[in-house]
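Student: Okay, handing you the structure first.
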Number of protein chains: 2
Amino acid sequence: MLPEQIKKFIAVFEKLPSIGPRQATRLAFRLINSGKEKIRSIKEAVDGLDKVKLCSRCFFVHTNSGSLCSLCSDASRDNDVYMVVEKETDLISIERTGSFHGRYLIIGELTRSGALEVWQKARLTTLKNTITKNNKGKAKEIILALNPTTYGDLNASLLAKTLADYATNITRLGRGIPTGGEIEFSDIDTLSSSITRRQ
Amino acid sequence: MLPEQIKKFIAVFEKLPSIGPRQATRLAFRLINSGKEKIRSIKEAVDGLDKVKLCSRCFFVHTNSGSLCSLCSDASRDNDVYMVVEKETDLISIERTGSFHGRYLIIGELTRSGALEVWQKARLTTLKNTITKNNKGKAKEIILALNPTTYGDLNASLLAKTLADYATNITRLGRGIPTGGEIEFSDIDTLSSSITRRQ
């Protein structure tokens with residue numbers, strides 16, 4: 001009953017993150033009703049992504065002529081400290097704080113089992129090679145900036161093992177009561193951390 | 001900090017139905033990480049929509065050579081009964097029942113104020129012209145298949161007024177206890193309808 005083009009659109013879009021078959025269907029009809037101009041702007045937007053590259057060192061996005069992103073090619077940043085984040089959006093949030101001036105590695109979203117994908121292992125190898133080359137095999141610190149959840153804790157402890165020889169200190173982000181939070185409503189783990197790591 | 005291409009992608013995609021800035025951002029990074037092949041398949045899927053047309057009579061989608069969709073050009077369907085639906089997906093759900101054999105008009109999503117957009121008024125005019133031509137100005141029945149909600153009721157009563165002269169009967173979909181539902185947990189309106197419209 002539906003034209004092949006719509007079926008194909010739904011088949012492709014329903015597989016994208018947090019878009020299901022219903023949303024893909026609605027999207028198709030919305031775009032067709034919005035007209036050819038809108039369809040063209042979407043096509044161009046997707047086309048633009050084709051020109052974005054991944055940094056060969058930290059795997060963040062860039063459009064530089066070389067293989068390194070703007071962060072990795074910024075000579076003013078600290079070469080002694082590395083931060084492992086899961087996602088590009090995590091890196092962006094960290095950069096926004098202005099509190100970190102080291103280097104990054106985007107490891108990609110980690111599974112709940114703690115097992116790494118082949119490409120994630122390759123990224124870890126890239127980090128190890130960078131440290132071998134720039135830090136004589138041992139950086140001052142590697143910060144494992146994973147979410148403070150059960151799975152984040154599991155993955156962090158596995159990564160810490162893998163990277164143990166490559167940094168003097170392997171740390172994680174501090175835990176405590178978030179700014180604006182209330183002691184009364186903090187969970188036990190958070191409150192306990194805020195006491196242990198009191199400032 | 002983000003390449004222009006990603007900013008543009010987010011700007012275009014965050015405006016699509018039920019995709020916000022966060023989802024658009026995640027989508028951009030996911031696509032870039034999925035590689036050029038995936039980006040190409042998305043582009044082709046969007047491109048395909050360019051070839052889909054809206055029926056000049058009921059405004060459902062089609063890719064026929066003429067201006068009419070497969071439903072409107074199906075001579076075996078009943079010309080006496082018209083059904084007004086809001087969305088293409090409503091039409092698809094109705095067709096799936098196999099219980100309706102008349103003609104459609106897709107009016108587009110209606111607002112909560114009951115006010116019609118210019119293009120929605122044009123669609124109603126198309127329906128009136130069809131009835132003038134095919135039914136000598138008065139069809140046997142127009143079914144207003146809008147959701148049985150407060151806003152659906154408001155919009156249906158406004159549409160009923162506009163279309164009053166164009167059909168002998170103007171009806172809505174029957175209300176009652178849904179199949180598999182329980183009397184005990186039905187709301188008063190539904191239960192009341194199920195008594196009035198007992199079968």
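Chain identifiers are assigned as A, B, and so on, following the order in which chains appear in the structure tokens; residues are numbered from 1 within each chain, and ligands are numbered from 1 in order of appearance.
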Quick check: residues of chain B within 7 Å of chain A, only C-alpha atoms, returned as JSON, numbers by chain.

Tutor: {"B": [3, 5, 6, 8, 9, 12, 17, 27, 32, 36, 39, 42, 43, 45, 46, 47, 48, 49, 50, 62, 63]}

Student: What's around Thr190 of chain B at 12 Å? Count only C-alpha atoms, leave out sequence neighbours fewer than 6 positions away in its own chain, and write the answer as a PyMOL selection string.

Tutor: chain B and resi 148-149+174-178+181-184+196-198

Student: Can you pull out every residue within 12 Å of Asn155 of chain A, counting only C-alpha atoms, but drop anything in the same chain fewer than 2 positions away, and send it as number ranges by chain?

Tutor: A: 84-86, 107-116, 144-153, 157-162, 172

Student: When DSSP is applied to the backbone of this structure, which of segment 71-159 of chain A are assigned alpha helix (DSSP H)? Write them out as a PDB file with N, CA and C atoms, in the first residue's frame.

Tutor:
ATOM      1  N   GLU A  88      31.326  11.570  22.139  1.00  0.00           N
ATOM      2  CA  GLU A  88      31.680  12.919  21.707  1.00  0.00           C
ATOM      3  C   GLU A  88      30.980  13.955  22.595  1.00  0.00           C
ATOM      4  N   THR A  89      29.717  13.689  22.938  1.00  0.00           N
ATOM      5  CA  THR A  89      28.961  14.653  23.740  1.00  0.00           C
ATOM      6  C   THR A  89      29.540  14.762  25.158  1.00  0.00           C
ATOM      7  N   ASP A  90      30.150  13.677  25.647  1.00  0.00           N
ATOM      8  CA  ASP A  90      30.821  13.748  26.949  1.00  0.00           C
ATOM      9  C   ASP A  90      32.021  14.691  26.845  1.00  0.00           C
ATOM     10  N   LEU A  91      32.792  14.528  25.768  1.00  0.00           N
ATOM     11  CA  LEU A  91      33.960  15.394  25.531  1.00  0.00           C
ATOM     12  C   LEU A  91      33.519  16.866  25.477  1.00  0.00           C
ATOM     13  N   ILE A  92      32.425  17.125  24.758  1.00  0.00           N
ATOM     14  CA  ILE A  92      31.942  18.508  24.615  1.00  0.00           C
ATOM     15  C   ILE A  92      31.577  19.079  25.988  1.00  0.00           C
ATOM     16  N   SER A  93      30.891  18.258  26.821  1.00  0.00           N
ATOM     17  CA  SER A  93      30.518  18.720  28.167  1.00  0.00           C
ATOM     18  C   SER A  93      31.750  19.033  29.001  1.00  0.00           C
ATOM     19  N   ILE A  94      32.764  18.164  28.912  1.00  0.00           N
ATOM     20  CA  ILE A  94      33.999  18.371  29.675  1.00  0.00           C
ATOM     21  C   ILE A  94      34.695  19.647  29.189  1.00  0.00           C
ATOM     22  N   GLU A  95      34.790  19.836  27.875  1.00  0.00           N
ATOM     23  CA  GLU A  95      35.439  21.026  27.309  1.00  0.00           C
ATOM     24  C   GLU A  95      34.748  22.305  27.767  1.00  0.00           C
ATOM     25  N   ARG A  96      33.409  22.214  27.869  1.00  0.00           N
ATOM     26  CA  ARG A  96      32.623  23.384  28.265  1.00  0.00           C
ATOM     27  C   ARG A  96      32.999  23.869  29.671  1.00  0.00           C
ATOM     28  N   THR A  97      33.467  22.936  30.530  1.00  0.00           N
ATOM     29  CA  THR A  97      33.825  23.349  31.896  1.00  0.00           C
ATOM     30  C   THR A  97      35.093  24.204  31.906  1.00  0.00           C
ATOM     31  N   VAL A 118      35.929  -4.838  18.669  1.00  0.00           N
ATOM     32  CA  VAL A 118      37.240  -4.851  18.019  1.00  0.00           C
ATOM     33  C   VAL A 118      37.768  -3.423  17.803  1.00  0.00           C
ATOM     34  N   TRP A 119      36.877  -2.529  17.299  1.00  0.00           N
ATOM     35  CA  TRP A 119      37.313  -1.157  17.022  1.00  0.00           C
ATOM     36  C   TRP A 119      37.628  -0.399  18.305  1.00  0.00           C
ATOM     37  N   GLN A 120      37.011  -0.802  19.425  1.00  0.00           N
ATOM     38  CA  GLN A 120      37.312  -0.134  20.697  1.00  0.00           C
ATOM     39  C   GLN A 120      38.690  -0.558  21.198  1.00  0.00           C
ATOM     40  N   LYS A 121      38.992  -1.838  20.973  1.00  0.00           N
ATOM     41  CA  LYS A 121      40.333  -2.314  21.327  1.00  0.00           C
ATOM     42  C   LYS A 121      41.384  -1.581  20.504  1.00  0.00           C
ATOM     43  N   ALA A 122      41.061  -1.360  19.224  1.00  0.00           N
ATOM     44  CA  ALA A 122      41.994  -0.641  18.345  1.00  0.00           C
ATOM     45  C   ALA A 122      42.213   0.790  18.846  1.00  0.00           C
ATOM     46  N   ARG A 123      41.153   1.414  19.374  1.00  0.00           N
ATOM     47  CA  ARG A 123      41.298   2.772  19.894  1.00  0.00           C
ATOM     48  C   ARG A 123      42.190   2.788  21.139  1.00  0.00           C
ATOM     49  N   LEU A 124      42.027   1.777  21.985  1.00  0.00           N
ATOM     50  CA  LEU A 124      42.900   1.683  23.168  1.00  0.00           C
ATOM     51  C   LEU A 124      44.353   1.524  22.750  1.00  0.00           C
ATOM     52  N   THR A 125      44.568   0.712  21.706  1.00  0.00           N
ATOM     53  CA  THR A 125      45.921   0.534  21.185  1.00  0.00           C
ATOM     54  C   THR A 125      46.479   1.866  20.685  1.00  0.00           C
ATOM     55  N   THR A 126      45.639   2.659  20.033  1.00  0.00           N
ATOM     56  CA  THR A 126      46.068   3.985  19.577  1.00  0.00           C
ATOM     57  C   THR A 126      46.519   4.837  20.756  1.00  0.00           C
ATOM     58  N   LEU A 127      45.744   4.791  21.852  1.00  0.00           N
ATOM     59  CA  LEU A 127      46.106   5.569  23.046  1.00  0.00           C
ATOM     60  C   LEU A 127      47.452   5.086  23.600  1.00  0.00           C
ATOM     61  N   LYS A 128      47.610   3.766  23.677  1.00  0.00           N
ATOM     62  CA  LYS A 128      48.866   3.206  24.191  1.00  0.00           C
ATOM     63  C   LYS A 128      50.044   3.641  23.314  1.00  0.00           C
ATOM     64  N   ASN A 129      49.845   3.610  21.986  1.00  0.00           N
ATOM     65  CA  ASN A 129      50.901   4.040  21.072  1.00  0.00           C
ATOM     66  C   ASN A 129      51.248   5.516  21.248  1.00  0.00           C
ATOM     67  N   THR A 130      50.197   6.339  21.457  1.00  0.00           N
ATOM     68  CA  THR A 130      50.425   7.770  21.674  1.00  0.00           C
ATOM     69  C   THR A 130      51.267   7.983  22.927  1.00  0.00           C
ATOM     70  N   ILE A 131      50.900   7.247  23.995  1.00  0.00           N
ATOM     71  CA  ILE A 131      51.626   7.389  25.265  1.00  0.00           C
ATOM     72  C   ILE A 131      53.066   6.879  25.114  1.00  0.00           C
ATOM     73  N   THR A 132      53.223   5.794  24.366  1.00  0.00           N
ATOM     74  CA  THR A 132      54.574   5.268  24.115  1.00  0.00           C
ATOM     75  C   THR A 132      55.425   6.324  23.423  1.00  0.00           C
ATOM     76  N   LYS A 133      54.821   7.004  22.455  1.00  0.00           N
ATOM     77  CA  LYS A 133      55.549   7.968  21.644  1.00  0.00           C
ATOM     78  C   LYS A 133      55.759   9.302  22.389  1.00  0.00           C
ATOM     79  N   ASN A 134      54.692   9.830  23.008  1.00  0.00           N
ATOM     80  CA  ASN A 134      54.755  11.175  23.600  1.00  0.00           C
ATOM     81  C   ASN A 134      55.162  11.201  25.065  1.00  0.00           C
ATOM     82  N   THR A 150      26.758   1.493  37.894  1.00  0.00           N
ATOM     83  CA  THR A 150      27.288   0.140  38.086  1.00  0.00           C
ATOM     84  C   THR A 150      28.110  -0.293  36.877  1.00  0.00           C
ATOM     85  N   TYR A 151      27.558  -0.037  35.674  1.00  0.00           N
ATOM     86  CA  TYR A 151      28.251  -0.464  34.454  1.00  0.00           C
ATOM     87  C   TYR A 151      29.482   0.388  34.184  1.00  0.00           C
ATOM     88  N   GLY A 152      29.363   1.674  34.502  1.00  0.00           N
ATOM     89  CA  GLY A 152      30.514   2.554  34.361  1.00  0.00           C
ATOM     90  C   GLY A 152      31.642   2.098  35.276  1.00  0.00           C
ATOM     91  N   ASP A 153      31.288   1.690  36.500  1.00  0.00           N
ATOM     92  CA  ASP A 153      32.290   1.222  37.462  1.00  0.00           C
ATOM     93  C   ASP A 153      32.971  -0.045  36.960  1.00  0.00           C
ATOM     94  N   LEU A 154      32.154  -0.966  36.447  1.00  0.00           N
ATOM     95  CA  LEU A 154      32.700  -2.222  35.909  1.00  0.00           C
ATOM     96  C   LEU A 154      33.656  -1.929  34.762  1.00  0.00           C
ATOM     97  N   ASN A 155      33.194  -1.138  33.801  1.00  0.00           N
ATOM     98  CA  ASN A 155      34.027  -0.826  32.640  1.00  0.00           C
ATOM     99  C   ASN A 155      35.295  -0.070  33.027  1.00  0.00           C
ATOM    100  N   ALA A 156      35.167   0.831  33.997  1.00  0.00           N
ATOM    101  CA  ALA A 156      36.333   1.604  34.432  1.00  0.00           C
ATOM    102  C   ALA A 156      37.378   0.683  35.046  1.00  0.00           C
ATOM    103  N   SER A 157      36.919  -0.304  35.838  1.00  0.00           N
ATOM    104  CA  SER A 157      37.912  -1.167  36.490  1.00  0.00           C
ATOM    105  C   SER A 157      38.612  -2.052  35.459  1.00  0.00           C
ATOM    106  N   LEU A 158      37.854  -2.459  34.399  1.00  0.00           N
ATOM    107  CA  LEU A 158      38.484  -3.248  33.334  1.00  0.00           C
ATOM    108  C   LEU A 158      39.479  -2.394  32.541  1.00  0.00           C
ATOM    109  N   LEU A 159      39.100  -1.157  32.226  1.00  0.00           N
ATOM    110  CA  LEU A 159      40.001  -0.265  31.493  1.00  0.00           C
ATOM    111  C   LEU A 159      41.236   0.051  32.331  1.00  0.00           C
TER     112      LEU A 159
END

Student: Please, which residues of segment 6-153 of chain B, numbered as in this document, come out strand (DSSP E or B) from DSSP, as a PyMOL selection string?

Tutor: chain B and resi 53-54+61-62+81-85+103-106+139-145

Student: How far is it from atom CA of Ala164 of chain B to atom CA of Val81 of chain B, in Å with one decimal?

Tutor: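 Separation between atom CA of Ala164 of chain B and atom CA of Val81 of chain B: 14.1 Å.
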
Student: Please report the interatomic distance between atom CA of Tyr166 of chain A and atom CA of Tyr104 of chain A in Å with one decimal.

Tutor: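 Here the two named atoms are 14.4 Å from each other.
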
Student: Do a neighbour search on Tyr82 of chain B at 6 Å with only C-alpha atoms, toss out local chain neighbours closer than 3 positions, and write the hits as a list in words.

Tutor: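 These residues fall inside the cut-off: Gly102, Arg103, Tyr104 and Ile142 of chain B.
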
Student: Kindly export the residues of the current selection with N, CA, C and O atoms, as a CSV table (one decimal), in the first residue's frame.

Tutor:
chain,number,residue,atom,x,y,z
B,102,GLY,N,-14.9,3.2,1.0
B,102,GLY,CA,-15.2,4.4,0.4
B,102,GLY,C,-14.0,5.2,0.0
B,102,GLY,O,-12.9,4.7,-0.2
B,103,ARG,N,-14.1,6.5,-0.1
B,103,ARG,CA,-13.1,7.4,-0.4
B,103,ARG,C,-12.6,8.2,0.8
B,103,ARG,O,-13.3,8.3,1.8
B,104,TYR,N,-11.4,8.8,0.7
B,104,TYR,CA,-10.8,9.5,1.8
B,104,TYR,C,-10.5,10.9,1.5
B,104,TYR,O,-10.4,11.3,0.4
B,142,ILE,N,-20.5,11.3,5.1
B,142,ILE,CA,-19.1,11.7,5.4
B,142,ILE,C,-18.8,11.3,6.8
B,142,ILE,O,-19.5,11.6,7.8
